[in-house]
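Below is one structure; the comments refer to it alone.
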Amino acid sequence: MKRKSLAMFLALALLVTSVNGLTGLSVAEAETTSATDTTAANSTSTVVQNTATPATGGAVVTAPATPTVTEIKGGTKRVKLYWKKVSGADGYNIYYSTSLNGTYTKTKTISSASTLKYVKKSLTQNTAYYFKISAYCVDGTKLVESPLSEAYCATTGKVSATSTTGKKYSTTTKFKKSTAYKKFAVLKNANYTRTFAIPGMTNTNVAGFASTKMVAQGACLAGGYILVSAYDKTGEDESVIYVINKASKAYITTIVMPNKTKLNAMAYDGTNIWVTQGKKVSYFGYDIVTQAISSGDSYYELTAFTDTLSILTTGSYMTYYNNVLWVGAYNATATTNAYGYTLSKSSTGKISLQQTYYMTMPNRTRAMAFDADGYLYLTRSSKRISSADGYISQVRTFKPSLSAPTKKGAIKKNAVLKKTKMPEMAMGCAVYGKYLYNVFASCKYAKCTYKVDRVVAVKLTKLQ
């Protein structure tokens, strides 16, 4: 019998007998945010729990397996939990209680089997909450619910604002006394009226939850703003984009991504922001950036991308230049291709990608960016300490033959014009005017000798 989703059905209340070892995090400083959770109303369907039951026409409806919660975390007046997808489920039920052995009330029916996250908001601050989850399936008028999971506990707590000072050096003056500044000529030649501390490296407010493990990755220019991407290396929280005023270099707000996918790189095509999503790329409108800023809030939650498109390889780095979206994969040992995709838009406004060009890239490429004159800047880095096998951290500059592709779309990078040594873990880069803005991840790793906790602006002529 064909299954169909049932949006609403009877609430079930159970007692809890055990508590999972996962707990929420208690953190500091308040933020006022509220939301209303919706609950399922009663329906006329028959609910059968923990059993196999004949469905319409005599078929047997078997209860799905009990979901396994993979994470639960407390934040500002809220708790979020994630679980593994259950085969054969049509949806999930979320129950909660304020005591381990109390009555559990159903707070949410999730009618999509692919939704594996739930945030309970408008909770009491500094309070422990217990959650259970079940899976259900529907066949005709028969609904079968799995046994509820064991109880998982998290405690709400106040979350600090996203940090804006450097992770290691609180001022430019202190950074200029660092071993990194003294060792690397590129840092001495940088423009420090344009250089700024990477936000969020001490703490990031991720939609009301605290992350102290964000690692900066990519950068791009979009309108009047510099965007810097980061991901949580523990996998607890969603990836984010920090929005920085291009003129003042002041941090404004954080855009929280819909998922935890490592956000290696970004690009701006004049209308949309593109982000890498493994072997896909996704985009959302620039208006999201302006909405995030105009909201005046400390963060903005992007609930869904406008669209997600497949690409030929994993997106480790990306840039946009002359209607071509360039995307390439990091490889520690082998050369790879960066593929150039031309963009086209349908009458309905949907964007499609056509792989048109490619360039061969050296191993350990982390980022690429073009300037207005067609110079190409490649960041290459690997390993955290210079004594490690395969260590490298540099910017290589090229002048590709962009106007002379082969019939198959190959573009020659031509000979390297200059190699510029960088401190370890140079990551993303972006061109703004006459400067290359360089992102470093070294401030989040203890083994790095020459830590840089800021986006460093280097004049392009110093790299050519």
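If you're wondering about the labels, chains in the structure tokens are A, B, ... by order shown, residues count from 1 in each chain, ligands from 1 in order shown.
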
Name the residues in contact with region 70-76 of chain A at a cut-off of 6 Å, using only C-alpha atoms, excluding same-chain residues fewer than 5 positions from it; report them as a PDB file with N, CA, C and O atoms, in the first residue's frame.
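Writing done, so here's part.pdb:
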```
ATOM      1  N   GLY A  24      23.648  19.722  27.251  1.00  0.00           N
ATOM      2  CA  GLY A  24      23.736  21.021  26.607  1.00  0.00           C
ATOM      3  C   GLY A  24      24.874  21.828  27.188  1.00  0.00           C
ATOM      4  O   GLY A  24      25.487  21.451  28.180  1.00  0.00           O
ATOM      5  N   LEU A  25      25.136  22.980  26.575  1.00  0.00           N
ATOM      6  CA  LEU A  25      26.218  23.835  27.004  1.00  0.00           C
ATOM      7  C   LEU A  25      25.655  25.055  27.728  1.00  0.00           C
ATOM      8  O   LEU A  25      24.680  25.637  27.303  1.00  0.00           O
ATOM      9  N   LEU A  81      18.346  19.868  18.743  1.00  0.00           N
ATOM     10  CA  LEU A  81      18.790  18.489  18.679  1.00  0.00           C
ATOM     11  C   LEU A  81      18.793  18.013  17.239  1.00  0.00           C
ATOM     12  O   LEU A  81      18.026  18.472  16.394  1.00  0.00           O
ATOM     13  N   TYR A  82      19.709  17.079  16.973  1.00  0.00           N
ATOM     14  CA  TYR A  82      19.865  16.460  15.670  1.00  0.00           C
ATOM     15  C   TYR A  82      19.764  14.949  15.860  1.00  0.00           C
ATOM     16  O   TYR A  82      20.135  14.407  16.904  1.00  0.00           O
ATOM     17  N   TRP A  83      19.299  14.260  14.829  1.00  0.00           N
ATOM     18  CA  TRP A  83      19.192  12.815  14.908  1.00  0.00           C
ATOM     19  C   TRP A  83      19.478  12.197  13.550  1.00  0.00           C
ATOM     20  O   TRP A  83      19.515  12.880  12.518  1.00  0.00           O
ATOM     21  N   ALA A 154      19.595  18.883  27.902  1.00  0.00           N
ATOM     22  CA  ALA A 154      20.391  20.081  27.627  1.00  0.00           C
ATOM     23  C   ALA A 154      19.901  21.210  28.514  1.00  0.00           C
ATOM     24  O   ALA A 154      18.732  21.254  28.888  1.00  0.00           O
ATOM     25  N   THR A 155      20.803  22.122  28.842  1.00  0.00           N
ATOM     26  CA  THR A 155      20.476  23.244  29.718  1.00  0.00           C
ATOM     27  C   THR A 155      20.590  24.552  28.946  1.00  0.00           C
ATOM     28  O   THR A 155      21.590  24.788  28.264  1.00  0.00           O
ATOM     29  N   THR A 156      19.578  25.385  29.054  1.00  0.00           N
ATOM     30  CA  THR A 156      19.625  26.690  28.400  1.00  0.00           C
ATOM     31  C   THR A 156      20.619  27.599  29.111  1.00  0.00           C
ATOM     32  O   THR A 156      20.901  27.430  30.300  1.00  0.00           O
ATOM     33  N   GLY A 157      21.137  28.564  28.395  1.00  0.00           N
ATOM     34  CA  GLY A 157      22.090  29.488  28.999  1.00  0.00           C
ATOM     35  C   GLY A 157      22.341  30.676  28.091  1.00  0.00           C
ATOM     36  O   GLY A 157      22.126  30.610  26.882  1.00  0.00           O
ATOM     37  N   LYS A 158      22.800  31.763  28.659  1.00  0.00           N
ATOM     38  CA  LYS A 158      23.032  32.990  27.907  1.00  0.00           C
ATOM     39  C   LYS A 158      24.254  32.856  26.997  1.00  0.00           C
ATOM     40  O   LYS A 158      25.273  32.311  27.399  1.00  0.00           O
ATOM     41  N   VAL A 159      24.141  33.368  25.802  1.00  0.00           N
ATOM     42  CA  VAL A 159      25.195  33.245  24.793  1.00  0.00           C
ATOM     43  C   VAL A 159      25.850  34.593  24.542  1.00  0.00           C
ATOM     44  O   VAL A 159      25.165  35.609  24.350  1.00  0.00           O
ATOM     45  N   GLY A 208      21.715  31.900  18.423  1.00  0.00           N
ATOM     46  CA  GLY A 208      21.384  31.673  19.818  1.00  0.00           C
ATOM     47  C   GLY A 208      22.160  30.567  20.494  1.00  0.00           C
ATOM     48  O   GLY A 208      21.899  30.239  21.655  1.00  0.00           O
ATOM     49  N   PHE A 209      23.141  29.993  19.795  1.00  0.00           N
ATOM     50  CA  PHE A 209      24.001  28.959  20.363  1.00  0.00           C
ATOM     51  C   PHE A 209      25.453  29.400  20.229  1.00  0.00           C
ATOM     52  O   PHE A 209      25.825  30.053  19.252  1.00  0.00           O
TER      53      PHE A 209
END
```

Original post:
Any idea what the distance is between CA of Gly166 (chain A) and CA of Thr179 (chain A)?
Top reply: 15.5 Å

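Nearest to Leu343 (chain A) of all the residues A:Gln291, A:Met427, A:Asn272, A:Tyr358 is A:Asn272, based on only C-alpha atoms.
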
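The environment of Ala267 (chain A) within 7 Å, counting only C-alpha atoms and disregarding residues fewer than 3 places along the same chain, consists of Cys220, Ile273, Trp274, Val275, Met318, Thr319 and Tyr320 of chain A.
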
Serialized selection, N, CA and C atoms, as a PDB file, in the first residue's frame:
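The resulting file, again.pdb, is reproduced below:
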```pdb
ATOM      1  N   CYS A 220      34.950  36.834   0.096  1.00  0.00           N
ATOM      2  CA  CYS A 220      34.566  37.451  -1.173  1.00  0.00           C
ATOM      3  C   CYS A 220      34.051  38.852  -0.900  1.00  0.00           C
ATOM      4  N   ILE A 273      25.093  35.312  -3.933  1.00  0.00           N
ATOM      5  CA  ILE A 273      26.243  34.791  -3.204  1.00  0.00           C
ATOM      6  C   ILE A 273      26.280  33.285  -3.427  1.00  0.00           C
ATOM      7  N   TRP A 274      27.414  32.777  -3.893  1.00  0.00           N
ATOM      8  CA  TRP A 274      27.599  31.346  -4.118  1.00  0.00           C
ATOM      9  C   TRP A 274      28.458  30.774  -3.000  1.00  0.00           C
ATOM     10  N   VAL A 275      28.119  29.574  -2.541  1.00  0.00           N
ATOM     11  CA  VAL A 275      28.905  28.895  -1.503  1.00  0.00           C
ATOM     12  C   VAL A 275      29.140  27.458  -1.929  1.00  0.00           C
ATOM     13  N   MET A 318      36.787  28.775  -4.824  1.00  0.00           N
ATOM     14  CA  MET A 318      35.855  29.287  -5.820  1.00  0.00           C
ATOM     15  C   MET A 318      36.037  30.787  -5.984  1.00  0.00           C
ATOM     16  N   THR A 319      35.802  31.263  -7.208  1.00  0.00           N
ATOM     17  CA  THR A 319      35.784  32.696  -7.465  1.00  0.00           C
ATOM     18  C   THR A 319      34.913  32.952  -8.682  1.00  0.00           C
ATOM     19  N   TYR A 320      34.550  34.208  -8.889  1.00  0.00           N
ATOM     20  CA  TYR A 320      33.728  34.590 -10.042  1.00  0.00           C
ATOM     21  C   TYR A 320      34.443  35.694 -10.795  1.00  0.00           C
TER      22      TYR A 320
END
```

**OP:** Give the helix (DSSP H, G or I) residues of region 100-282 of chain A, as assigned by DSSP on the backbone, as number ranges by chain.
**Re:** A: 172-175, 179-183, 185-188

Next, the residues of the selection above should be written as a short mmCIF file (atom, residue, chain, number, x, y, z; two decimals), in the first residue's frame with N, CA, C and O atoms.
```cif
data_model
loop_
_atom_site.label_atom_id
_atom_site.label_comp_id
_atom_site.auth_asym_id
_atom_site.auth_seq_id
_atom_site.Cartn_x
_atom_site.Cartn_y
_atom_site.Cartn_z
N THR A 172 46.17 46.07 16.63
CA THR A 172 47.16 46.02 15.55
C THR A 172 48.57 46.23 16.10
O THR A 172 49.53 45.61 15.65
N THR A 173 48.69 47.11 17.09
CA THR A 173 50.00 47.37 17.69
C THR A 173 50.59 46.10 18.27
O THR A 173 51.79 45.80 18.08
N LYS A 174 49.76 45.31 18.95
CA LYS A 174 50.25 44.05 19.52
C LYS A 174 50.58 43.05 18.42
O LYS A 174 51.55 42.29 18.53
N PHE A 175 49.79 43.04 17.35
CA PHE A 175 50.08 42.12 16.25
C PHE A 175 51.43 42.46 15.61
O PHE A 175 52.19 41.56 15.22
N THR A 179 55.73 37.39 16.41
CA THR A 179 56.80 36.71 15.66
C THR A 179 56.43 36.59 14.19
O THR A 179 57.31 36.61 13.33
N ALA A 180 55.14 36.45 13.88
CA ALA A 180 54.71 36.35 12.49
C ALA A 180 55.03 37.65 11.74
O ALA A 180 55.57 37.63 10.62
N TYR A 181 54.69 38.77 12.34
CA TYR A 181 54.93 40.06 11.70
C TYR A 181 56.44 40.27 11.47
O TYR A 181 56.86 40.77 10.42
N LYS A 182 57.24 39.90 12.45
CA LYS A 182 58.68 40.11 12.35
C LYS A 182 59.33 39.20 11.31
O LYS A 182 60.34 39.58 10.70
N LYS A 183 58.75 38.03 11.07
CA LYS A 183 59.37 37.06 10.17
C LYS A 183 58.98 37.27 8.71
O LYS A 183 59.82 37.11 7.81
N ALA A 185 57.85 39.20 5.37
CA ALA A 185 57.87 40.50 4.70
C ALA A 185 56.48 40.90 4.22
O ALA A 185 56.14 42.09 4.23
N VAL A 186 55.67 39.92 3.83
CA VAL A 186 54.33 40.22 3.32
C VAL A 186 53.48 40.90 4.40
O VAL A 186 52.64 41.75 4.09
N LEU A 187 53.70 40.54 5.65
CA LEU A 187 52.96 41.18 6.74
C LEU A 187 53.48 42.59 7.00
O LEU A 187 52.70 43.50 7.32
N LYS A 188 54.77 42.78 6.88
CA LYS A 188 55.33 44.11 7.07
C LYS A 188 54.87 45.06 5.97
O LYS A 188 54.76 46.27 6.17
#
```

Subject >> Straight-line distance linking CA of Glu301 (chain A) with CA of Thr276 (chain A), stated in Å to one decimal >> reply: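 These two atoms are separated by 17.8 Å.
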